[in-house]
>>> print(open('work04.txt').read())   # compact mmCIF, C-alpha atoms
# COMPACT_ATOMS: atom_id res chain seq x y z
CA MET A 1 88.61 132.60 154.67
CA ALA A 2 86.16 129.74 154.49
CA ASP A 3 87.96 128.20 151.51
CA ASP A 4 91.20 128.09 153.50
CA VAL A 5 89.48 126.10 156.24
CA THR A 6 88.00 123.70 153.71
CA LYS A 7 91.44 123.24 152.16
CA GLN A 8 92.90 122.53 155.61
CA ILE A 9 90.24 119.90 156.23
CA ASP A 10 90.97 118.36 152.81
CA ASP A 11 94.65 118.12 153.73
CA GLU A 12 94.00 116.73 157.22
CA ILE A 13 91.72 114.02 155.90
CA ARG A 14 94.10 113.14 153.07
CA ASN A 15 97.27 113.11 155.17
CA ASN A 16 96.00 111.12 158.16
CA LYS A 17 94.74 107.56 157.85
CA ILE A 18 92.60 108.15 160.94
CA MET A 19 91.42 111.74 161.39
CA ILE A 20 89.21 112.68 164.34
CA TYR A 21 87.46 116.03 164.80
CA MET A 22 86.65 116.27 168.49
CA LYS A 23 86.01 118.55 171.44
CA GLY A 24 89.19 118.89 173.47
CA ASN A 25 92.19 116.64 172.94
CA PRO A 26 92.87 112.94 173.64
CA THR A 27 94.35 113.76 177.07
CA PHE A 28 91.55 116.15 178.03
CA PRO A 29 88.41 115.44 175.99
CA GLN A 30 85.74 118.08 176.64
CA CYS A 31 82.74 115.88 175.88
CA GLY A 32 81.77 112.32 176.74
CA PHE A 33 81.21 111.37 173.11
CA SER A 34 84.65 112.62 172.10
CA ALA A 35 86.14 110.76 175.08
CA ALA A 36 84.40 107.51 174.12
CA THR A 37 85.64 107.84 170.55
CA ILE A 38 89.23 108.32 171.67
CA GLU A 39 89.01 105.29 173.97
CA ILE A 40 87.94 103.15 171.03
CA PHE A 41 90.80 104.30 168.83
CA GLN A 42 93.31 103.84 171.65
CA GLU A 43 92.01 100.29 171.88
CA ILE A 44 92.40 99.86 168.10
CA GLY A 45 96.01 100.95 168.60
CA LYS A 46 96.86 102.64 165.29
CA PRO A 47 98.13 106.23 165.06
CA PHE A 48 95.38 108.82 164.76
CA HIS A 49 95.35 112.58 164.41
CA THR A 50 92.88 114.87 166.18
CA VAL A 51 91.69 118.44 165.76
CA ASP A 52 90.08 120.28 168.67
CA VAL A 53 87.12 122.14 167.16
CA LEU A 54 86.61 124.10 170.37
CA SER A 55 89.92 125.88 169.81
CA GLU A 56 89.12 126.36 166.10
CA PRO A 57 85.52 127.65 165.88
CA ALA A 58 85.71 128.25 162.12
CA LYS A 59 86.61 124.62 161.62
CA ARG A 60 83.79 123.50 163.89
CA ASP A 61 81.27 125.06 161.50
CA ALA A 62 83.22 124.07 158.40
CA ILE A 63 83.47 120.37 159.26
CA LYS A 64 79.71 120.15 159.85
CA ARG A 65 79.07 121.49 156.36
CA TYR A 66 81.91 119.47 154.87
CA SER A 67 80.52 116.15 156.15
CA ASN A 68 76.84 117.11 156.06
CA TRP A 69 76.83 115.99 159.69
CA PRO A 70 75.60 118.20 162.55
CA THR A 71 77.54 116.83 165.51
CA ILE A 72 81.06 116.39 166.86
CA PRO A 73 83.02 114.06 167.02
CA GLN A 74 83.47 113.16 163.37
CA ILE A 75 85.75 110.40 162.19
CA TYR A 76 87.44 109.97 158.82
CA ILE A 77 89.34 106.81 157.91
CA ASP A 78 91.38 106.53 154.73
CA GLY A 79 89.86 109.75 153.42
CA LYS A 80 86.26 108.62 153.89
CA PHE A 81 83.69 109.87 156.37
CA VAL A 82 82.83 107.06 158.78
CA GLY A 83 80.40 108.92 161.07
CA GLY A 84 80.15 109.97 164.69
CA CYS A 85 80.52 108.28 168.06
CA ASP A 86 77.50 105.96 167.82
CA ILE A 87 78.55 104.58 164.44
CA VAL A 88 82.16 104.05 165.49
CA ARG A 89 80.99 102.35 168.68
CA GLU A 90 78.68 100.03 166.77
CA MET A 91 81.36 99.23 164.18
CA PHE A 92 83.88 98.55 166.96
CA THR A 93 81.48 96.07 168.56
CA THR A 94 80.91 94.20 165.30
CA GLY A 95 84.60 94.20 164.35
CA ASP A 96 83.94 96.27 161.21
CA LEU A 97 85.98 99.17 162.56
CA GLN A 98 89.06 96.98 163.04
CA LYS A 99 88.64 95.68 159.47
CA LEU A 100 88.36 99.20 158.09
CA VAL A 101 91.46 100.34 159.99
CA ASP A 102 93.44 97.22 159.01
CA HIS A 103 92.54 97.86 155.39
CA ALA A 104 93.54 101.54 155.67
CA PHE A 105 96.93 100.57 157.08
CA GLY A 106 97.37 97.84 154.49
CA ASN A 107 97.25 94.84 156.84
CA MET B 1 64.90 122.85 176.98
CA MET B 2 63.08 120.43 174.76
CA ASN B 3 60.79 117.44 175.26
CA PRO B 4 61.58 114.03 173.82
CA GLN B 5 58.01 114.17 172.46
CA ASP B 6 59.03 117.04 170.15
CA ILE B 7 61.72 114.82 168.65
CA GLN B 8 59.42 111.83 168.43
CA ARG B 9 56.72 113.85 166.64
CA ARG B 10 59.15 115.20 164.03
CA LEU B 11 60.49 111.75 163.31
CA GLU B 12 57.05 110.20 163.02
CA GLU B 13 56.15 112.90 160.51
CA ALA B 14 59.32 112.26 158.52
CA PHE B 15 59.07 108.45 158.68
CA PRO B 16 55.33 107.67 158.80
CA ASP B 17 55.87 103.88 158.82
CA ALA B 18 58.46 104.01 161.60
CA THR B 19 58.45 102.94 165.21
CA VAL B 20 60.12 105.78 167.08
CA SER B 21 61.21 106.09 170.67
CA ALA B 22 62.90 109.13 172.15
CA ALA B 23 64.11 109.61 175.70
CA ASP B 24 65.81 112.41 177.57
CA SER B 25 69.09 110.77 178.67
CA THR B 26 70.04 113.22 181.40
CA GLY B 27 66.84 115.07 182.28
CA ALA B 28 68.43 118.34 181.16
CA GLY B 29 66.44 118.66 177.93
CA ASP B 30 69.39 118.60 175.55
CA HIS B 31 70.72 115.02 175.57
CA PHE B 32 68.49 112.47 173.90
CA ALA B 33 68.55 108.79 173.03
CA VAL B 34 66.51 107.97 169.95
CA THR B 35 65.63 104.71 168.23
CA VAL B 36 64.05 104.68 164.78
CA VAL B 37 62.85 101.42 163.24
CA THR B 38 61.78 101.75 159.63
CA GLY B 39 61.96 99.85 156.35
CA GLN B 40 63.21 103.07 154.76
CA PHE B 41 66.67 102.24 156.14
CA ALA B 42 66.94 99.07 154.04
CA GLY B 43 70.02 99.13 151.83
CA LYS B 44 71.36 102.28 153.51
CA SER B 45 74.67 102.56 155.35
CA LEU B 46 74.78 103.69 158.97
CA VAL B 47 76.04 107.11 157.89
CA GLU B 48 73.16 107.49 155.44
CA ARG B 49 70.64 106.39 158.08
CA HIS B 50 71.93 108.87 160.62
CA GLN B 51 71.97 111.61 157.98
CA MET B 52 68.29 110.87 157.25
CA VAL B 53 67.46 111.27 160.94
CA TYR B 54 69.57 114.42 161.33
CA GLY B 55 67.87 115.82 158.22
CA ALA B 56 64.42 115.24 159.72
CA LEU B 57 65.53 116.96 162.93
CA SER B 58 67.45 119.81 161.32
CA ALA B 59 65.16 122.49 162.77
CA LEU B 60 65.72 121.11 166.28
CA MET B 61 69.43 120.28 166.04
CA PRO B 62 70.70 123.68 167.19
CA ARG B 63 69.00 123.04 170.55
CA ILE B 64 70.21 119.46 170.89
CA HIS B 65 73.61 118.95 172.43
CA ALA B 66 73.80 115.20 172.01
CA LEU B 67 71.77 112.63 170.18
CA GLN B 68 72.42 108.94 170.63
CA LEU B 69 70.98 107.19 167.60
CA LYS B 70 69.93 103.66 166.87
CA THR B 71 68.69 103.20 163.31
CA VAL B 72 67.46 99.77 162.28
CA THR B 73 65.05 98.12 159.87
CA PRO B 74 62.25 95.91 161.24
CA GLY B 75 64.27 92.85 160.16
CA GLU B 76 67.37 93.93 162.07
CA ARG B 77 65.65 94.52 165.35
>>> encode(input="work04.txt", output="structure tokens")
Amino acid sequence: MADDVTKQIDDEIRNNKIMIYMKGNPTFPQCGFSAATIEIFQEIGKPFHTVDVLSEPAKRDAIKRYSNWPTIPQIYIDGKFVGGCDIVREMFTTGDLQKLVDHAFGN
Amino acid sequence: MMNPQDIQRRLEEAFPDATVSAADSTGAGDHFAVTVVTGQFAGKSLVERHQMVYGALSALMPRIHALQLKTVTPGER
């Protein structure tokens, strides 16, 4: 049921300081943008959780509606939607991503 | 298969004051790199800016696999 998927997304975003919806997994990303996103968060060095939307098609559609965002990957930090690969990349370059993560982990 | 010109036209309609450039990143007609420069982005977060662009392209999005976006105001360029 669609509501179950939405509830799952709610829980994932609430229970993980860094939540990444991606294609594939961190070891085997299935898309260059997902791969680039994972590289950035590995560099940041804090624990993150991922969901592979390719193995969960219902969630792939649900997360796009949930975030009002048409593409994957999608990144949530501290329960808030941050954006996709381009935004994370830009924020990483400016140092804003590190600040956001530090704040989320209470540093 | 889509032309970057299709994307550019849509964005120029949606943001009449904007400077828009759109390029096919891979030559395959489904990966595009787009820059939009408009004063309408002033005071908006990056997420909001990208959502504005995605909104303008909603009819085309199902045929676009990847869109690399740069969204700036004339002052930020």
>>> interface_residues(input="work04.txt", of="chain B", to="chain A", cutoff="10 Å", atoms="only C-alpha atoms", output="list of chain:residue names")
B:Ser45, B:Leu46, B:Val47, B:Glu48, B:His50, B:Gln51, B:Tyr54, B:Gly55, B:Ser58, B:Met61, B:Pro62, B:Ile64, B:His65, B:Ala66, B:Leu67, B:Gln68, B:Leu69, B:Lys70
>>> atom_distance(input="work04.txt", atom1="atom CA of Thr50 of chain A", atom2="atom CA of Lys7 of chain A")
16.4 Å
>>> atom_distance(input="work04.txt", atom1="atom CA of Ala35 of chain A", atom2="atom CA of Met22 of chain A")
8.6 Å
>>> residues_around(input="work04.txt", residues="segment 23-40 of chain B", least_positions_apart="2", cutoff="9 Å", atoms="all atoms listed in the file", output="NGL selection string")
:B and (1-5 or 7-8 or 11 or 15-21 or 42-44 or 49 or 53 or 63-77)
>>> residues_near_point(input="work04.txt", point="(82.4, 120.8, 154.8)", cutoff="10 Å", atoms="all atoms listed in the file", output="list of chain:residue names")
A:Ala2, A:Asp3, A:Val5, A:Thr6, A:Lys7, A:Ile9, A:Asp10, A:Lys59, A:Arg60, A:Asp61, A:Ala62, A:Ile63, A:Lys64, A:Arg65, A:Tyr66, A:Ser67, A:Asn68, A:Trp69
>>> closest_residue(input="work04.txt", among="A:Lys99, A:His49, A:Arg89, A:Lys80", to="Met19 of chain A", atoms="all atoms listed in the file")
A:His49
>>> atom_distance(input="work04.txt", atom1="atom CA of Glu56 of chain A", atom2="atom CA of Asn16 of chain A")
18.5 Å
>>> closest_residue(input="work04.txt", among="A:Ala36, A:Ile77, A:Leu100, A:Ile44", to="Ile18 of chain A", atoms="all atoms listed in the file")
A:Ile77
>>> closest_residue(input="work04.txt", among="A:Leu54, A:Gly79, A:Thr27, A:Gly106", to="Asp11 of chain A", atoms="all atoms listed in the file")
A:Gly79
>>> closest_residue(input="work04.txt", among="A:Ile20, A:Phe28, A:Phe41, A:Asp102", to="Val53 of chain A", atoms="only C-alpha atoms")
A:Ile20
>>> closest_residue(input="work04.txt", among="A:Gln30, A:Val51, A:Glu43, A:Val101", to="Lys17 of chain A", atoms="only C-alpha atoms")
A:Val101
>>> build_atoms(input="work04.txt", residues="segment 18-43 of chain B", atoms="N, CA and C atoms", output="short mmCIF file (atom, residue, chain, number, x, y, z; two decimals), in the coordinates of the input")
data_model
loop_
_atom_site.label_atom_id
_atom_site.label_comp_id
_atom_site.auth_asym_id
_atom_site.auth_seq_id
_atom_site.Cartn_x
_atom_site.Cartn_y
_atom_site.Cartn_z
N ALA B 18 57.44 104.39 160.62
CA ALA B 18 58.46 104.01 161.60
C ALA B 18 57.91 103.82 163.01
N THR B 19 58.62 102.99 163.77
CA THR B 19 58.45 102.94 165.21
C THR B 19 59.56 103.80 165.81
N VAL B 20 59.15 104.82 166.56
CA VAL B 20 60.12 105.78 167.08
C VAL B 20 60.05 105.81 168.60
N SER B 21 61.20 105.80 169.24
CA SER B 21 61.21 106.09 170.67
C SER B 21 62.27 107.14 170.93
N ALA B 22 61.95 108.06 171.82
CA ALA B 22 62.90 109.13 172.15
C ALA B 22 62.86 109.34 173.66
N ALA B 23 64.03 109.41 174.26
CA ALA B 23 64.11 109.61 175.70
C ALA B 23 65.14 110.67 176.03
N ASP B 24 64.86 111.41 177.05
CA ASP B 24 65.81 112.41 177.57
C ASP B 24 66.82 111.67 178.44
N SER B 25 68.10 111.62 177.99
CA SER B 25 69.09 110.77 178.67
C SER B 25 69.51 111.32 180.02
N THR B 26 69.48 112.63 180.18
CA THR B 26 70.04 113.22 181.40
C THR B 26 69.01 114.01 182.21
N GLY B 27 67.84 114.26 181.61
CA GLY B 27 66.84 115.07 182.28
C GLY B 27 67.07 116.56 182.11
N ALA B 28 68.09 116.93 181.32
CA ALA B 28 68.43 118.34 181.16
C ALA B 28 67.80 118.96 179.90
N GLY B 29 67.13 118.12 179.10
CA GLY B 29 66.44 118.66 177.93
C GLY B 29 67.34 118.94 176.74
N ASP B 30 68.55 118.41 176.74
CA ASP B 30 69.39 118.60 175.55
C ASP B 30 70.22 117.37 175.15
N HIS B 31 70.11 116.30 175.94
CA HIS B 31 70.72 115.02 175.57
C HIS B 31 69.61 114.01 175.36
N PHE B 32 69.58 113.39 174.18
CA PHE B 32 68.49 112.47 173.90
C PHE B 32 69.00 111.16 173.32
N ALA B 33 68.28 110.09 173.63
CA ALA B 33 68.55 108.79 173.03
C ALA B 33 67.35 108.43 172.17
N VAL B 34 67.59 108.15 170.91
CA VAL B 34 66.51 107.97 169.95
C VAL B 34 66.70 106.66 169.20
N THR B 35 65.61 105.91 169.07
CA THR B 35 65.63 104.71 168.23
C THR B 35 64.58 104.87 167.14
N VAL B 36 64.98 104.63 165.91
CA VAL B 36 64.05 104.68 164.78
C VAL B 36 64.11 103.33 164.07
N VAL B 37 62.94 102.70 163.94
CA VAL B 37 62.85 101.42 163.24
C VAL B 37 61.98 101.64 162.01
N THR B 38 62.57 101.55 160.84
CA THR B 38 61.78 101.75 159.63
C THR B 38 62.38 100.99 158.44
N GLY B 39 61.52 100.51 157.57
CA GLY B 39 61.96 99.85 156.35
C GLY B 39 62.69 100.79 155.42
N GLN B 40 62.52 102.10 155.62
CA GLN B 40 63.21 103.07 154.76
C GLN B 40 64.73 103.00 154.89
N PHE B 41 65.23 102.34 155.95
CA PHE B 41 66.67 102.24 156.14
C PHE B 41 67.28 101.08 155.34
N ALA B 42 66.43 100.25 154.75
CA ALA B 42 66.94 99.07 154.04
C ALA B 42 67.90 99.49 152.94
N GLY B 43 69.04 98.84 152.87
CA GLY B 43 70.02 99.13 151.83
C GLY B 43 70.84 100.38 152.07
#
